[in-house]
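Colleague: The structure is given below, and queries will be raised subsequently.
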Amino acid sequence: MNYHWDWTIFWDPSPDGVHTYLQTLLLGAIWTLTTAGCAWIIALVLGSLVGVLRTTPFPWVVRLGNAYVELFRNIPLLVQMFLWYFVLPEIVPRGFGNWLKQLPNASFYTAVVALGLYMSARVAEQVRAGTLSLPRGQRLAGLALGLTLPQTYAYVLLPMTFRIILPPLTSELLNTIKNSAVALTIGLMELTARARAMQEFSFQVFEAFTAATFIYILINIVVTFAMRLIEHHVAVPGYLGLKRPAAGH
Amino acid sequence: MFANFDFDVILRSLPYLFYQGMTFTLLLTTLATLGGILVGTLLALMRLSGIPFLAIPAAAYVNLMRSVPFVLMIFWFYFLVPYIGQWVTRSAQPLQVGAFASCLVTFTLFEAAFFCEIMRAGIQSIPRGQVAAAQALGMTYPTTMGYIVLPQAFRNMVPVLLTQTIVLFQDTSLVYVISVTDFLGAASKIAERDGRLVEMYTFAACIYFIISLMASRAVQQMQQRIAIIR
């Protein structure tokens, strides 16, 4: 292989004139984590809401929830990013559209919203599966005690659901971090985009990508380890958790 | 809102979108799925072989692929495949690889990690007694796997494998990052040439949505039809 390796490249100044290449990569990692973190909050809140709606006894609400999930699951994330970034500002009223376009860090906000909604459909799927896996008697018992339906969810069903679905939610969190890389297509300078930029400026292709890969693996290990601790702490005795082979990234 | 929505640009570009773009997307999806299942099954057999020499590299590979973003892996392979080609063919220069071949290698090797996990679950779902029975009958390892375990594992896992194929179909849009003309790439080229981003991206989203939705419905129906009643 006639490739010229040069690992000292990370300490060379990058074209922004302030940071070294290593520092730009670490800044990228911070953007990745910020984007994924904000998107994860949206995904958790909306996903739980939609997931709950899909287990209610009202057929129309269930259908609406199903439609939501199908909509966000069946369009590639990249296309969804483009819809939010390029299409949305054009189809809303002109003033609002211009405001959207001139927003500082527009690609960050777009990435957060697009990624959050995309992942919310997957969280909704987990919440639904978790709630449906509970014995029917729990819901019935809650209602028989005179709790209203929202109270039954809040005090009986959801506390169990979240403890059961924590392991699959961990992998969805990891997916959120990984999927944030797609935001480079709308100009977000997150980790993968910075590695790509470093490759373009320094021509050290494999060093740049190796460093990015290592940072992603490190993030993965830390998140997995932290979630294991929580999972261990909240695991429901006697439940093995939902362990099904699932397709997807 | 849709007052100046130009349907004509969609109509005009239909042949380009489907002949050039969709053909690429569907061909890549099909070949990468077949290759991915093949490599994935081999990886699963390695992981389950109980031989550390085989199991550890396979597990490391799968975990590596599963912990980095697909976009990063596309970049990796985009630059790496010419060097792999050079190494395989022992030529003096990095091999010139076409866009399709590069994408195919990338998708096959990346998705293999996910197919591996599915196949591993499928193989593990076969009762131990069947393997024991096969061995008691004097079957060798290849015979046991080929005639007893894998056919059943495949059958159990067909719905999940197909769902993963739909995911793969959606993932093919990511070749946009290396400027390959798949369906989305074709749509975005027209969009930028004619300044019709709204029309082209909305149309692309609709097509992806329709295909994925129909495919997942078909998988659901098939799942009910072929499910083994126990």
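Every chain in the structure tokens has a letter given in the order shown (A, B, ...), and although residue numbers restart at 1 in each chain, ligands are simply numbered from 1 in the order shown.
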Can you pull out every residue within 9 Å of Leu22 (chain A), counting only C-alpha atoms, but drop anything in the same chain fewer than 3 positions away, and send it as a PyMOL selection string?

Modeller: chain A and resi 9-14+19+25-27+211

Colleague: Report as number ranges by chain all protein, DNA and RNA residues lying within 8 Å of Glu231 (chain A), evaluated on only C-alpha atoms, omitting residues in the same chain fewer than 6 positions from it.

Modeller: A: 163, 166-167

Colleague: Next, the residues of the selection above should be written as an mmCIF file, in the first residue's frame with N, CA and C atoms.

Modeller:
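Generated file (out21.cif):
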data_model
loop_
_atom_site.group_PDB
_atom_site.id
_atom_site.type_symbol
_atom_site.label_atom_id
_atom_site.label_comp_id
_atom_site.auth_asym_id
_atom_site.auth_seq_id
_atom_site.Cartn_x
_atom_site.Cartn_y
_atom_site.Cartn_z
ATOM 1 N N ARG A 163 -39.541 0.865 32.591
ATOM 2 C CA ARG A 163 -38.512 0.001 33.170
ATOM 3 C C ARG A 163 -38.251 -1.202 32.276
ATOM 4 N N LEU A 166 -36.284 -0.111 28.795
ATOM 5 C CA LEU A 166 -35.026 0.642 28.878
ATOM 6 C C LEU A 166 -33.924 0.067 27.976
ATOM 7 N N PRO A 167 -33.729 -1.275 27.938
ATOM 8 C CA PRO A 167 -32.679 -1.782 27.034
ATOM 9 C C PRO A 167 -32.905 -1.408 25.566
#

Colleague: Using only C-alpha atoms and a distance of at most 8 Å, pull out the residues of chain A that contact chain B, as a PyMOL selection string.

Modeller: chain A and resi 1+70-71+74-76+78-80+82-83+86-87+90-93+174+178-179+181-182+185+192+196+205-206+209+213+216-217+220+245-249

Colleague: Output the selection as an mmCIF file, in the first residue's frame - C-alpha atoms for each residue.

Modeller:
data_model
loop_
_atom_site.group_PDB
_atom_site.id
_atom_site.type_symbol
_atom_site.label_atom_id
_atom_site.label_comp_id
_atom_site.auth_asym_id
_atom_site.auth_seq_id
_atom_site.Cartn_x
_atom_site.Cartn_y
_atom_site.Cartn_z
ATOM 1 C CA MET A 1 0.000 0.000 0.000
ATOM 2 C CA GLU A 70 -45.756 4.957 9.410
ATOM 3 C CA LEU A 71 -45.122 8.450 8.071
ATOM 4 C CA ASN A 74 -41.130 4.996 5.816
ATOM 5 C CA ILE A 75 -39.245 8.047 4.566
ATOM 6 C CA PRO A 76 -35.443 7.883 4.686
ATOM 7 C CA LEU A 78 -31.872 11.978 4.688
ATOM 8 C CA VAL A 79 -35.008 12.835 2.699
ATOM 9 C CA GLN A 80 -36.720 14.023 5.887
ATOM 10 C CA PHE A 82 -34.077 17.768 3.119
ATOM 11 C CA LEU A 83 -37.815 18.263 3.571
ATOM 12 C CA PHE A 86 -35.133 22.940 1.875
ATOM 13 C CA VAL A 87 -38.869 22.435 1.502
ATOM 14 C CA GLU A 90 -40.633 27.514 0.924
ATOM 15 C CA ILE A 91 -44.146 26.299 1.687
ATOM 16 C CA VAL A 92 -44.810 28.315 4.865
ATOM 17 C CA PRO A 93 -45.850 31.987 4.618
ATOM 18 C CA LEU A 174 -27.213 5.028 20.329
ATOM 19 C CA LYS A 178 -25.179 7.615 14.973
ATOM 20 C CA ASN A 179 -27.977 9.029 12.837
ATOM 21 C CA ALA A 181 -24.148 12.058 11.164
ATOM 22 C CA VAL A 182 -26.754 12.327 8.400
ATOM 23 C CA THR A 185 -25.800 16.754 4.318
ATOM 24 C CA THR A 192 -18.317 12.947 10.595
ATOM 25 C CA ARG A 196 -14.528 14.669 6.054
ATOM 26 C CA VAL A 205 -7.947 10.232 4.670
ATOM 27 C CA PHE A 206 -7.491 7.264 6.924
ATOM 28 C CA PHE A 209 -11.651 8.612 9.658
ATOM 29 C CA THR A 213 -14.321 6.067 14.352
ATOM 30 C CA TYR A 216 -17.756 7.228 18.010
ATOM 31 C CA ILE A 217 -16.731 3.930 19.607
ATOM 32 C CA ASN A 220 -20.814 4.231 22.322
ATOM 33 C CA PRO A 245 -34.280 -9.330 17.201
ATOM 34 C CA ALA A 246 -35.173 -6.048 15.593
ATOM 35 C CA ALA A 247 -34.361 -4.740 12.152
ATOM 36 C CA GLY A 248 -33.026 -1.270 11.727
ATOM 37 C CA HIS A 249 -30.187 1.016 12.629
#

Colleague: Show me, as a PyMOL selection string, the residues that have an atom within 8 Å of Glu125 (chain A) when counting only C-alpha atoms, minus same-chain residues fewer than 5 positions from it.

Modeller: chain A and resi 47+51+69

Colleague: Could you work out how far CA of Ser120 (chain A) lies from CA of Glu172 (chain A), giving the answer in Å with one decimal?

Modeller: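 Computing the Euclidean distance for CA of Glu172 (chain A) and CA of Ser120 (chain A) yields 9.6 Å.
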
Colleague: Measuring atom to atom with only C-alpha atoms, identify which of A:Ile230, A:Met81, A:Leu64, A:Met119 is nearest to Ile41 (chain A).

Modeller: A:Met119

Colleague: Using Å and a single decimal, report how far CA of Tyr85 (chain A) sits from CA of Arg122 (chain A).

Modeller: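 Atom-to-atom, CA of Arg122 (chain A) to CA of Tyr85 (chain A), that is 21.6 Å.
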
Colleague: Work out how far apart CA of Ala186 (chain B) and CA of Leu17 (chain B) are and give it in Å to one decimal.

Modeller: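 We find that CA of Ala186 (chain B) and CA of Leu17 (chain B) lie 5.6 Å from each other.
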
Colleague: Show which residues sit within 12 Å of Asn105 (chain A), as a short mmCIF file (atom, residue, chain, number, x, y, z; two decimals) with C-alpha atoms, in the first residue's frame. Count only C-alpha atoms, and ignore same-chain residues fewer than 6 positions away.

Modeller:
data_model
loop_
_atom_site.label_atom_id
_atom_site.label_comp_id
_atom_site.auth_asym_id
_atom_site.auth_seq_id
_atom_site.Cartn_x
_atom_site.Cartn_y
_atom_site.Cartn_z
CA TRP A 31 -21.90 19.11 18.14
CA THR A 35 -27.61 17.47 18.37
CA TYR A 85 -34.30 22.15 5.50
CA ALA A 111 -31.21 18.49 12.35
CA VAL A 112 -32.60 18.41 15.89
CA ILE A 186 -27.52 19.94 5.47
CA GLY A 187 -24.26 21.50 6.59
CA LEU A 188 -24.07 20.67 10.28
CA MET A 189 -20.39 20.46 11.22
#
